[in-house]
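Quick look at data.txt (compact mmCIF, C-alpha atoms and all ligand atoms):
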```txt
# COMPACT_ATOMS: atom_id res chain seq x y z
CA MET A 116 14.98 38.02 2.38
CA LYS A 117 12.13 36.21 4.09
CA PHE A 118 12.56 34.74 7.59
CA PHE A 119 10.88 31.39 8.29
CA ILE A 120 11.18 29.43 11.54
CA ASP A 121 12.11 25.74 11.32
CA THR A 122 10.13 24.16 14.16
CA ALA A 123 6.78 22.64 15.10
CA SER A 124 6.91 24.07 18.63
CA LEU A 125 3.94 26.41 19.16
CA ALA A 126 5.80 28.23 21.94
CA GLU A 127 8.78 28.95 19.66
CA ILE A 128 6.50 30.00 16.81
CA ARG A 129 4.53 32.37 19.07
CA GLU A 130 7.78 33.90 20.39
CA ALA A 131 9.14 34.45 16.86
CA ALA A 132 5.81 35.77 15.55
CA ALA A 133 5.71 38.32 18.39
CA LEU A 134 8.95 39.83 17.04
CA GLY A 135 7.03 40.95 13.95
CA LEU A 136 9.69 39.61 11.57
CA LEU A 137 8.35 36.14 10.86
CA ASP A 138 7.22 35.40 7.29
CA GLY A 139 6.53 31.65 7.47
CA VAL A 140 7.17 28.26 9.08
CA THR A 141 8.75 25.00 7.94
CA THR A 142 8.07 21.67 9.64
CA ASN A 143 9.12 18.13 8.90
CA PRO A 144 8.21 14.72 10.36
CA THR A 145 11.16 14.85 12.80
CA LEU A 146 10.17 18.27 14.13
CA LEU A 147 6.50 17.22 14.51
CA SER A 148 7.57 13.99 16.30
CA LYS A 149 9.16 16.13 19.05
CA GLU A 150 5.83 17.77 19.95
CA GLU A 151 2.93 16.32 21.99
CA GLY A 152 -0.40 15.78 20.23
CA ASP A 153 -1.94 15.15 16.83
CA PRO A 154 0.31 16.52 14.06
CA ARG A 155 -2.70 17.80 12.07
CA GLU A 156 -3.94 19.73 15.10
CA ILE A 157 -0.46 21.20 15.60
CA LEU A 158 -0.29 22.23 11.94
CA LEU A 159 -3.74 23.84 12.17
CA GLU A 160 -2.64 25.81 15.23
CA ILE A 161 0.55 26.94 13.45
CA THR A 162 -1.47 28.21 10.46
CA LYS A 163 -3.59 30.25 12.87
CA ILE A 164 -0.52 31.89 14.46
CA VAL A 165 1.31 32.61 11.19
CA PRO A 166 -0.63 33.82 8.13
CA GLY A 167 2.38 33.17 5.84
CA PRO A 168 3.37 29.85 4.21
CA VAL A 169 3.55 26.80 6.53
CA SER A 170 5.34 23.77 5.05
CA ALA A 171 3.94 20.34 5.95
CA GLU A 172 5.62 17.22 4.61
CA VAL A 173 4.11 14.14 2.96
CA ILE A 174 5.14 10.65 4.10
CA ALA A 175 4.21 8.62 1.01
CA LEU A 176 7.03 7.69 -1.38
CA ASP A 177 4.94 7.17 -4.55
CA THR A 178 3.59 10.00 -6.69
CA ASP A 179 -0.12 9.15 -6.25
CA GLY A 180 0.30 8.84 -2.49
CA MET A 181 2.20 12.13 -2.27
CA VAL A 182 -0.44 13.97 -4.29
CA ARG A 183 -3.23 12.45 -2.19
CA GLU A 184 -1.50 13.36 1.09
CA GLY A 185 -0.60 16.81 -0.23
CA LEU A 186 -4.24 17.59 -1.07
CA GLU A 187 -5.24 16.26 2.39
CA LEU A 188 -2.70 18.56 4.06
CA ARG A 189 -4.02 21.51 2.06
CA ARG A 190 -7.44 20.92 3.64
CA ILE A 191 -5.96 21.99 7.00
CA ALA A 192 -5.58 25.61 5.83
CA ASP A 193 -5.02 27.72 2.72
CA ASN A 194 -1.50 28.70 3.78
CA ILE A 195 -0.20 25.10 3.90
CA VAL A 196 2.68 24.46 1.47
CA VAL A 197 3.12 20.78 0.57
CA LYS A 198 6.65 19.60 1.28
CA ILE A 199 7.80 16.85 -1.07
CA PRO A 200 11.15 15.00 -1.02
CA MET A 201 13.54 15.36 -3.94
CA THR A 202 13.03 11.99 -5.64
CA LEU A 203 11.85 11.05 -9.14
CA GLU A 204 8.40 10.22 -7.69
CA GLY A 205 8.52 13.50 -5.79
CA LEU A 206 9.27 15.50 -8.94
CA LYS A 207 6.20 13.99 -10.62
CA ALA A 208 4.09 14.86 -7.58
CA ILE A 209 5.41 18.45 -7.58
CA ARG A 210 4.49 18.77 -11.28
CA ARG A 211 0.97 17.48 -10.67
CA LEU A 212 0.37 19.67 -7.62
CA SER A 213 1.89 22.69 -9.31
CA ASP A 214 -0.41 22.16 -12.32
CA GLU A 215 -3.29 22.38 -9.82
CA SER A 216 -1.82 25.62 -8.36
CA VAL A 217 -0.89 23.89 -5.09
CA PRO A 218 2.25 25.49 -3.58
CA THR A 219 5.10 23.03 -2.96
CA ASN A 220 8.44 22.95 -1.17
CA CYS A 221 10.93 20.44 -2.61
CA THR A 222 12.98 19.23 0.36
CA LEU A 223 16.21 17.26 0.91
CA ILE A 224 18.13 19.03 -1.87
CA PHE A 225 21.89 18.43 -1.74
CA SER A 226 23.11 19.31 -5.26
CA ALA A 227 22.68 21.96 -7.96
CA PRO A 228 21.17 19.48 -10.48
CA GLN A 229 18.55 18.57 -7.87
CA ALA A 230 17.77 22.28 -7.39
CA LEU A 231 17.38 22.71 -11.16
CA MET A 232 15.08 19.68 -11.40
CA ALA A 233 12.89 20.98 -8.54
CA ALA A 234 12.44 24.31 -10.31
CA LYS A 235 11.68 22.68 -13.66
CA ALA A 236 9.02 20.55 -11.95
CA GLY A 237 7.37 23.78 -10.80
CA ALA A 238 8.24 23.83 -7.08
CA THR A 239 7.35 27.08 -5.32
CA TYR A 240 10.33 26.63 -2.98
CA ALA A 241 13.48 24.49 -3.22
CA SER A 242 15.18 23.63 0.09
CA PRO A 243 18.92 22.91 0.01
CA PHE A 244 20.14 21.61 3.41
CA VAL A 245 23.29 23.62 4.08
CA GLY A 246 24.13 22.38 7.61
CA ARG A 247 23.93 18.71 6.67
CA LEU A 248 26.33 19.36 3.75
CA ASP A 249 28.73 21.18 6.09
CA ASP A 250 28.44 18.21 8.47
CA ILE A 251 30.02 15.94 5.83
CA ALA A 252 32.76 18.49 5.08
CA ALA A 253 31.05 19.75 1.88
CA ASP A 254 30.24 23.45 1.29
CA GLY A 255 26.54 24.03 1.97
CA MET A 256 26.56 27.73 1.10
CA ARG A 257 28.25 27.06 -2.26
CA LEU A 258 25.08 25.16 -3.20
CA ILE A 259 22.97 28.21 -2.33
CA GLU A 260 25.17 30.38 -4.55
CA GLN A 261 24.73 27.90 -7.41
CA ALA A 262 20.95 27.53 -7.01
CA VAL A 263 20.42 31.32 -6.89
CA ALA A 264 22.59 31.77 -10.02
CA ILE A 265 20.84 29.00 -11.97
CA TYR A 266 17.35 30.32 -11.16
CA ARG A 267 18.46 33.84 -12.08
CA ASN A 268 20.06 32.66 -15.37
CA TYR A 269 16.79 31.16 -16.57
CA GLN A 270 14.30 33.42 -14.74
CA LEU A 271 12.93 30.39 -12.90
CA PRO A 272 10.35 31.60 -10.35
CA THR A 273 11.20 28.95 -7.72
CA GLN A 274 12.46 30.50 -4.47
CA VAL A 275 15.66 29.23 -2.83
CA LEU A 276 14.75 28.33 0.77
CA VAL A 277 17.93 27.85 2.79
CA ALA A 278 17.33 24.98 5.24
CA SER A 279 19.31 23.06 7.86
CA VAL A 280 20.68 26.38 9.14
CA ARG A 281 23.04 26.08 12.09
CA HIS A 282 24.24 29.61 12.89
CA PRO A 283 23.84 33.33 12.02
CA GLU A 284 26.74 33.18 9.54
CA HIS A 285 24.64 30.89 7.32
CA VAL A 286 21.89 33.54 7.39
CA MET A 287 24.22 36.43 6.55
CA GLN A 288 25.86 34.52 3.69
CA ALA A 289 22.40 33.63 2.36
CA ALA A 290 21.42 37.32 2.39
CA LEU A 291 24.61 38.30 0.54
CA MET A 292 23.87 35.59 -2.05
CA SER A 293 20.29 36.90 -2.59
CA ALA A 294 18.61 33.72 -1.34
CA HIS A 295 14.86 34.29 -1.17
CA VAL A 296 14.11 32.64 2.18
CA VAL A 297 16.03 31.31 5.20
CA THR A 298 14.37 28.93 7.65
CA MET A 299 16.00 28.95 11.07
CA PRO A 300 15.72 27.22 14.43
CA ALA A 301 14.46 29.55 17.19
CA ALA A 302 17.95 29.72 18.72
CA VAL A 303 19.43 31.15 15.50
CA ILE A 304 16.73 33.86 15.34
CA ARG A 305 17.70 34.90 18.90
CA GLN A 306 21.42 34.78 18.05
CA LEU A 307 20.88 37.04 15.02
CA ALA A 308 19.72 39.87 17.27
CA SER A 309 22.51 39.54 19.79
CA HIS A 310 26.06 40.87 20.02
CA PRO A 311 28.33 40.99 23.12
CA LEU A 312 29.24 44.62 22.40
CA THR A 313 25.52 45.54 22.42
CA ASP A 314 25.17 43.94 25.88
CA ARG A 315 28.35 45.60 27.16
CA GLY A 316 27.37 48.98 25.70
CA LEU A 317 23.93 48.87 27.28
CA GLU A 318 25.39 47.87 30.64
CA GLN A 319 27.77 50.85 30.45
CA PHE A 320 25.00 53.33 29.49
CA LEU A 321 22.87 52.19 32.43
CA ALA A 322 25.82 52.31 34.87
CA ASP A 323 26.71 55.87 33.74
CA TRP A 324 23.07 56.97 33.99
CA GLU A 325 23.04 55.84 37.65
CA LYS A 326 25.71 58.51 38.31
CA VAL A 327 23.68 61.40 36.87
CA LYS A 328 20.03 60.44 37.31
CA ASN A 329 19.57 62.27 40.65
CA ARG A 330 21.24 65.52 39.58
O1 LIG B 401 13.37 21.36 7.87
C1 LIG B 401 14.45 20.92 7.15
C2 LIG B 401 15.81 21.26 7.71
O2 LIG B 401 15.88 22.61 8.03
C3 LIG B 401 16.32 20.32 8.78
O3 LIG B 401 17.47 20.80 9.42
O4 LIG B 401 18.96 20.73 11.38
O5 LIG B 401 17.64 18.67 10.78
O6 LIG B 401 19.58 19.42 9.38
P1 LIG B 401 18.47 19.85 10.29
```

Take the structure in the file and write it out as structure tokens.
Amino acid sequence: MKFFIDTASLAEIREAAALGLLDGVTTNPTLLSKEEGDPREILLEITKIVPGPVSAEVIALDTDGMVREGLELRRIADNIVVKIPMTLEGLKAIRRLSDESVPTNCTLIFSAPQALMAAKAGATYASPFVGRLDDIAADGMRLIEQAVAIYRNYQLPTQVLVASVRHPEHVMQAALMSAHVVTMPAAVIRQLASHPLTDRGLEQFLADWEKVKNR
């Protein structure tokens, strides 16, 4: 399973990249709005830090506008993936970009039919938002299970990109369900590596070593 980071913060991206486990980055307009500076410059910098796919989202709502913006975003760097919202206009834009071999990430997916439509349009990635479903007392991870099964049933090459991740349990469930990619906030990446028994065990080893080190 690929690990992406869901942020536009260069500091967080550098920290995650230094771990050696980072496969890509996802951004969105909200994440870019939290950072200082020109969003295009930030995206360029991100593509220099991470050689893997970097999702950058269009703002236009009509197909022509989305395609135009998508091709503009692709001029930033070869590893830019054009993020397109799951709308009827968006599906048409994904089809057009996909026909031109431009990689796309269909975002704001909240149902299995939407995931199927994204794949049929030719999206490289489909992004169901699991946390936002959980927030309204729906079952976000059930949607991941369904999307993975549907793509497998029909050998659809679209990759399920688990988004709106809130905690390590989402990541572990995604791995058990054979999701292709999980995009996580920096805090979740840190949480994945941590366990209180690891900390307590290490503390104990060091304390015991103090007793014998001068023998
Ligand atoms: O980038 C899309 C998605 O991961 C957003 O997550 O936390 O705003 O629901 P969140």

For this session: Pick out the residues no farther than 6 Å from ligand LIG 401 (chain B), counting only C-alpha atoms and all ligand atoms, and list them as a list in words.
Result: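 The residues within 6 Å of ligand LIG 401 (chain B), counting only C-alpha atoms and all ligand atoms, are Asp121, Thr141, Thr142, Asn143, Gly246, Arg247, Ala278 and Ser279 of chain A.
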
Problem set entry | All residues 12 Å or closer to Thr298 of chain A, only C-alpha atoms, same chain fewer than 5 positions away omitted, as a ChimeraX atom specification | /A:116-122,131,137-142,168-170,240-246,275-283,285-286,289,303-304

Since we have the selection now, will you write its residues out, keeping C-alpha atoms, as a compact mmCIF listing (two decimals), in the frame of the given file?
```
# COMPACT_ATOMS: atom_id res chain seq x y z
CA MET A 116 14.98 38.02 2.38
CA LYS A 117 12.13 36.21 4.09
CA PHE A 118 12.56 34.74 7.59
CA PHE A 119 10.88 31.39 8.29
CA ILE A 120 11.18 29.43 11.54
CA ASP A 121 12.11 25.74 11.32
CA THR A 122 10.13 24.16 14.16
CA ALA A 131 9.14 34.45 16.86
CA LEU A 137 8.35 36.14 10.86
CA ASP A 138 7.22 35.40 7.29
CA GLY A 139 6.53 31.65 7.47
CA VAL A 140 7.17 28.26 9.08
CA THR A 141 8.75 25.00 7.94
CA THR A 142 8.07 21.67 9.64
CA PRO A 168 3.37 29.85 4.21
CA VAL A 169 3.55 26.80 6.53
CA SER A 170 5.34 23.77 5.05
CA TYR A 240 10.33 26.63 -2.98
CA ALA A 241 13.48 24.49 -3.22
CA SER A 242 15.18 23.63 0.09
CA PRO A 243 18.92 22.91 0.01
CA PHE A 244 20.14 21.61 3.41
CA VAL A 245 23.29 23.62 4.08
CA GLY A 246 24.13 22.38 7.61
CA VAL A 275 15.66 29.23 -2.83
CA LEU A 276 14.75 28.33 0.77
CA VAL A 277 17.93 27.85 2.79
CA ALA A 278 17.33 24.98 5.24
CA SER A 279 19.31 23.06 7.86
CA VAL A 280 20.68 26.38 9.14
CA ARG A 281 23.04 26.08 12.09
CA HIS A 282 24.24 29.61 12.89
CA PRO A 283 23.84 33.33 12.02
CA HIS A 285 24.64 30.89 7.32
CA VAL A 286 21.89 33.54 7.39
CA ALA A 289 22.40 33.63 2.36
CA VAL A 303 19.43 31.15 15.50
CA ILE A 304 16.73 33.86 15.34
```

Seminar exercise, completed: Taken to one decimal, the atom CA of Glu284 of chain A-atom CA of Ile251 of chain A distance is 17.9 Å

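Note that the spacing between atom CA of Leu206 of chain A and atom CA of Glu187 of chain A amounts to 18.4 Å.
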
For this session: Find the distance between atom CA of Ile224 of chain A and atom CA of Glu184 of chain A and write it in Å to one decimal.
Result: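 Distance reported for this atom pair: 20.6 Å.
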
Exercise. Taking only C-alpha atoms into account, which of A:Ala236, A:Glu151, A:Met287, A:Ile164 comes nearest Glu127 of chain A?
Worked result: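 Closest to Glu127 of chain A of all the choices is A:Ile164.
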